Amino acid sequence: MWWLALQASPAIEGPACAWLALRFSPRVARLEEAVVLEAGASLRLFGGPERLVKTLQASAAEAGLALRISPWAESSLAALACLRTGALTPDLDALPLTALSAVAAHQPMLERLGCRKLGDVRRLPRPALARRFGPALLRALDQAYGRTPEAHSWLELPEHFEARLELPFRIEQAPDLHHHAESLLRQLCAWLAARHAGVQGFSLGWAYDAMRPRDSAASGELCLHTAEATRDFAHLSRLLAEHLARTELQAPAGEIKLTAEGISPRHEFSASLLVDALDGKPREALGLLLERLSVRLGPECVRSATLKEDHRLDAMQAWTAWPPAKGRPATTRPPPGPQPSWLLDPPLRLQTRQEQPIHHGPLLRITGPHRVESGWWQDGQQRDYYLFFGAACGLLWVYHERLNADEQGWFLHGVFA
Amino acid sequence: MHSAIPSPTLTPRGAIALPPEVYRADGLDGSRPGLPSGFARLDAELPGGGWLLGGLNEILVELPGALEWRLLTPLLSNRRDRPVLLIAPPHLPHLPGLSSGPLLLIQPQTPQLRLWALEQAIRSGDGGAVLAWLPEIRDARPEQIRRLQAHALASHVPIFVFRPQAAAAQSSAAPLRVQLRAREPWQIEAHIHKRRGPAHEGWLALDATPTQLEPLLTPRMRTARLPQRTVHHVVARAPSLAGH
């Protein structure tokens, strides 16, 4: 039997710790103040006892929890005793009487009998011990030493995630909700770890206090979406903080609620064989960075482009808010003629001197015209493109267009930078 | 006592083994290999033989958006697999004319947000390259550049910050500062304003013809030159050069 006892430090309310343990084995139970886990059947899957503890610590850190973990023990009571006393080896005989609750209840009497350690109690004659202290003490000792089987009611993972928290006091500013929402987020991350899944969105709801203005609603809600399924507590928490910073509460909130939306299995990456490969690894994946940027700056400020097949310069690409819509990118043929590397949108009308354009000083015409005539179904462009060079502004892609019957204009449309 | 210690000036050059992060004042710092810029003449003058990794590459330009792509196209076309972050570019990038990886455009509204976004991008350390424009001299104070540089130390992504020519007078924590200008259509000229090595004199002429224009050029266009100063000449000569 391979038993571990774990406890969050500092201790937290709620089932987060147990859910985290459910990732490693279905045999997880709550025992007094700790969670115990029997992992004998899944040791090989997680690469042995030491690797399992390391993975457990890592997944706890990902869910924003710090865990105290006992050494491996023969029984759940022994693991709990080690956790309580902070013992590094599961040597029950050397542990103090307070390590087992059933023994601790009779501590004054046992001490008067001269028992200081659990080993002293174990060496007392059994029939006399049972007569004097009742059967509970003897049973607990036997179970801790692995002589009698233990019975646990195993914990199960709920099918859907929904967590509520009644706030200790009324909160008036949305950013102050963040601290309380974090404890719910930890539960969410632990639940996701047990499901081997990631979340693509979650919503934080709050119920307003009964003493609220008449025109405000009874509750409010904030929906968040991530581009990739994740269960990274730090990222979700930062994302939530960004959203809360720009939210306003209509009235003091008294209760919060977190629901998960869009659970999908997460792709697990295999660890690298080489140690050096870690060195150049990014500290934050690009997707997470862009998500944070688009929350803070606004979705229209973070964009990516797709190519379109068109002959008009300004219709060759479409810049849309990131992330781009899913779907296979259309393959486009490269447009004919040279293409500049910058595009001015809208085109800049250039001043002219003696019918020739000027821009930051005189311009030298190098080649042209290249006629682009297209788009009769929309705007009907008819433009002659020329390549100009200016000492300050580089190689310019300038077009000449007839605006109406007696007016023509030179427009700067692109730069070969 | 003192005579027993050999003085460094007396030993032949190279006899003292220097730790890798120390370089001689008359040589370039080669402790960290750089990313080849694609211009042999420039690489020969850059410490580490190319653009700096783990630090800011500060490029000083006369007019934002005039020469940047021509300078960086050789580098970016080698790193096509990762997306390139553009922070506050002066114009819209035109994808058909570029040969880089996918581009991500980030356009913060204020200079403050621009610096914030740049700092976040540097700290993330992901992507193929980070290109940021700070077109006004007041967009970034020296201590803000120092802060960015401190974050960039641990980065494995090349970071380019484009600043105005006037910033050359200001001190900057960026380990590499390059001034750019163009006096002829097919060449760009670079002057290394600051590097880990001796001061750089003069301007390096780099052949940087935009790849999109390459098939179009005739020998006559290759020799096209701006006339000196007199505006009347431009008007008179321009049509003849265009081959009319």
# chains A, B, ... in the order shown; residues from 1 in each chain; ligands from 1
$ residues_around --residues "region 50-52 of chain B" --least-positions-apart "4" --cutoff "12 Å" --atoms "only C-alpha atoms" --output "number ranges by chain"
B: 28-46, 56-59, 71-72, 74-76, 129, 149, 152-153, 155-160, 174-178, 192, 195-196
$ residues_around --residues "Ile263 (chain A)" --least-positions-apart "5" --cutoff "12 Å" --atoms "only C-alpha atoms" --output "list in words"
Glu159, His160, Phe161, Leu188, Cys189, Trp191, Leu192, Ala193, Arg195, His196, Ala197, Gly198, Val199, Gln200, Gly201, Phe202, His225, Thr226, Glu228, Ala229, Thr230 and Arg231 of chain A
$ residues_around --residues "Ala117 (chain B)" --least-positions-apart "5" --cutoff "9 Å" --atoms "only C-alpha atoms" --output "ChimeraX atom specification"
/A:293,297 /B:87,106,108,112,122
$ closest_atom_pairs --of "chain B" --to "chain A" --cutoff "8 Å" --atoms "only C-alpha atoms" --output "tab-separated table"
residue	atom	partner	partner_atom	distance
B:Glu62	CA	A:Ala392	CA	6.7
B:Leu63	CA	A:Cys393	CA	6.4
B:Gly65	CA	A:Ala417	CA	6.4
B:Ala66	CA	A:Ala417	CA	4.9
B:Leu67	CA	A:Ala417	CA	4.3
B:Glu68	CA	A:Ala417	CA	5.7
B:Trp69	CA	A:Ala417	CA	5.0
B:Arg70	CA	A:Ala417	CA	5.5
B:His91	CA	A:Leu344	CA	5.7
B:Leu92	CA	A:Leu343	CA	5.1
B:Pro93	CA	A:Trp342	CA	4.6
B:His94	CA	A:Ser341	CA	4.9
B:Leu95	CA	A:Ser341	CA	7.0
B:Pro96	CA	A:Gln339	CA	6.2
B:Gly97	CA	A:Gln339	CA	4.5
B:Leu98	CA	A:Ser341	CA	5.6
B:Pro102	CA	A:Ser304	CA	7.9
B:Leu103	CA	A:Ser304	CA	6.3
B:Leu104	CA	A:Ser304	CA	4.9
B:Leu105	CA	A:Arg303	CA	5.0
B:Ile106	CA	A:Val302	CA	4.6
B:Gln107	CA	A:Cys301	CA	4.9
B:Pro108	CA	A:Leu297	CA	6.0
B:Gln109	CA	A:Leu297	CA	7.7
B:Leu113	CA	A:Leu297	CA	7.7
B:Ala117	CA	A:Leu293	CA	6.8
B:Gln120	CA	A:Leu289	CA	7.3
B:Ala121	CA	A:Leu289	CA	7.1
B:Arg123	CA	A:Arg283	CA	7.3
B:Ser124	CA	A:Glu284	CA	4.6
B:Gly125	CA	A:Pro282	CA	4.7
B:Asp126	CA	A:Pro282	CA	4.9
B:Gly127	CA	A:Leu286	CA	6.4
B:Ser155	CA	A:Gly280	CA	8.0
B:His156	CA	A:Gly280	CA	6.0
B:Arg181	CA	A:Ala392	CA	7.5
B:Ala182	CA	A:Ala391	CA	5.9
B:Arg183	CA	A:Ala391	CA	5.4
B:Glu184	CA	A:Ala391	CA	7.1
B:Pro185	CA	A:Phe389	CA	6.1
B:Pro210	CA	A:Phe416	CA	6.5
B:Gln212	CA	A:Pro338	CA	5.0
B:Leu213	CA	A:Pro338	CA	5.8
B:Leu216	CA	A:Pro338	CA	7.9
B:Met221	CA	A:Ile366	CA	6.4
B:Ala224	CA	A:Ile366	CA	7.2
B:Arg225	CA	A:Leu364	CA	7.9
B:Leu226	CA	A:Leu364	CA	6.3
B:Val231	CA	A:Pro362	CA	6.8
B:Val234	CA	A:Leu364	CA	6.7
B:Val235	CA	A:Gln356	CA	7.3
B:Ala238	CA	A:Arg365	CA	5.5
B:Pro239	CA	A:Arg365	CA	7.2
B:Leu241	CA	A:Ile366	CA	6.5
B:Ala242	CA	A:Thr367	CA	5.2
B:Gly243	CA	A:Thr367	CA	7.7
$ select_by_dssp --residues "region 141-214 of chain B" --states "helix (DSSP H, G or I)" --output "PyMOL selection string"
chain B and resi 142-152+165-169+214
$ write_last_selection --atoms "N, CA and C atoms" --output "CSV table (one decimal), in the first residue's frame"
chain,number,residue,atom,x,y,z
B,142,PRO,N,15.4,57.9,-20.9
B,142,PRO,CA,16.5,56.9,-20.7
B,142,PRO,C,16.3,55.8,-19.7
B,143,GLU,N,15.6,56.2,-18.6
B,143,GLU,CA,15.4,55.2,-17.5
B,143,GLU,C,14.4,54.1,-18.0
B,144,GLN,N,13.5,54.5,-18.9
B,144,GLN,CA,12.6,53.6,-19.4
B,144,GLN,C,13.3,52.6,-20.4
B,145,ILE,N,14.2,53.1,-21.2
B,145,ILE,CA,15.0,52.2,-22.0
B,145,ILE,C,15.8,51.3,-21.2
B,146,ARG,N,16.3,51.8,-20.1
B,146,ARG,CA,17.1,50.9,-19.2
B,146,ARG,C,16.3,49.8,-18.7
B,147,ARG,N,15.1,50.1,-18.3
B,147,ARG,CA,14.2,49.1,-17.8
B,147,ARG,C,13.9,48.0,-18.8
B,148,LEU,N,13.7,48.5,-20.1
B,148,LEU,CA,13.4,47.5,-21.1
B,148,LEU,C,14.7,46.6,-21.3
B,149,GLN,N,15.8,47.3,-21.3
B,149,GLN,CA,17.1,46.6,-21.5
B,149,GLN,C,17.3,45.5,-20.4
B,150,ALA,N,16.9,45.9,-19.2
B,150,ALA,CA,17.0,44.9,-18.1
B,150,ALA,C,16.2,43.7,-18.3
B,151,HIS,N,15.0,43.9,-18.9
B,151,HIS,CA,14.1,42.7,-19.2
B,151,HIS,C,14.6,42.0,-20.3
B,152,ALA,N,15.3,42.7,-21.3
B,152,ALA,CA,15.7,42.0,-22.5
B,152,ALA,C,16.9,41.1,-22.2
B,165,GLN,N,16.2,60.0,-35.0
B,165,GLN,CA,17.6,60.4,-35.1
B,165,GLN,C,18.1,61.3,-33.9
B,166,ALA,N,17.1,62.1,-33.4
B,166,ALA,CA,17.5,63.0,-32.3
B,166,ALA,C,17.8,62.3,-31.0
B,167,ALA,N,17.4,61.0,-30.9
B,167,ALA,CA,17.7,60.3,-29.7
B,167,ALA,C,19.2,59.9,-29.6
B,168,ALA,N,19.9,60.1,-30.7
B,168,ALA,CA,21.3,59.8,-30.6
B,168,ALA,C,22.1,60.7,-29.6
B,169,ALA,N,21.5,61.9,-29.4
B,169,ALA,CA,22.2,62.8,-28.4
B,169,ALA,C,21.9,62.4,-27.0
B,214,GLU,N,13.4,43.8,-57.5
B,214,GLU,CA,14.6,43.2,-58.2
B,214,GLU,C,14.2,42.9,-59.6
$ residues_around --residues "region 22-27 of chain B" --least-positions-apart "5" --cutoff "9 Å" --atoms "only C-alpha atoms" --output "mmCIF file with C-alpha atoms, in the first residue's frame"
data_model
loop_
_atom_site.group_PDB
_atom_site.id
_atom_site.type_symbol
_atom_site.label_atom_id
_atom_site.label_comp_id
_atom_site.auth_asym_id
_atom_site.auth_seq_id
_atom_site.Cartn_x
_atom_site.Cartn_y
_atom_site.Cartn_z
ATOM 1 C CA PRO B 47 29.925 42.391 -31.897
ATOM 2 C CA ARG B 196 30.614 46.669 -27.356
ATOM 3 C CA GLY B 197 33.872 47.505 -29.020
ATOM 4 C CA PRO B 198 35.813 50.471 -30.409
ATOM 5 C CA ALA B 199 34.015 53.517 -31.800
#
$ residues_around --residues "Gly64 (chain A)" --least-positions-apart "5" --cutoff "12 Å" --atoms "only C-alpha atoms" --output "list in words"
Ala8, Ser9, Pro10, Ile12, Ala16, Cys17, Leu20, Gln57, Ala58, Ser59, Glu182, Ser183, Leu184, Leu185, Arg186, Gln187, Leu188, Cys189, Ala190, Ala193, Arg231, Asp232, Phe233, Ala234, His235, Leu236 and Ser237 of chain A
$ atom_distance --atom1 "CA of Gly49 (chain B)" --atom2 "CA of Asp207 (chain B)"
17.9 Å
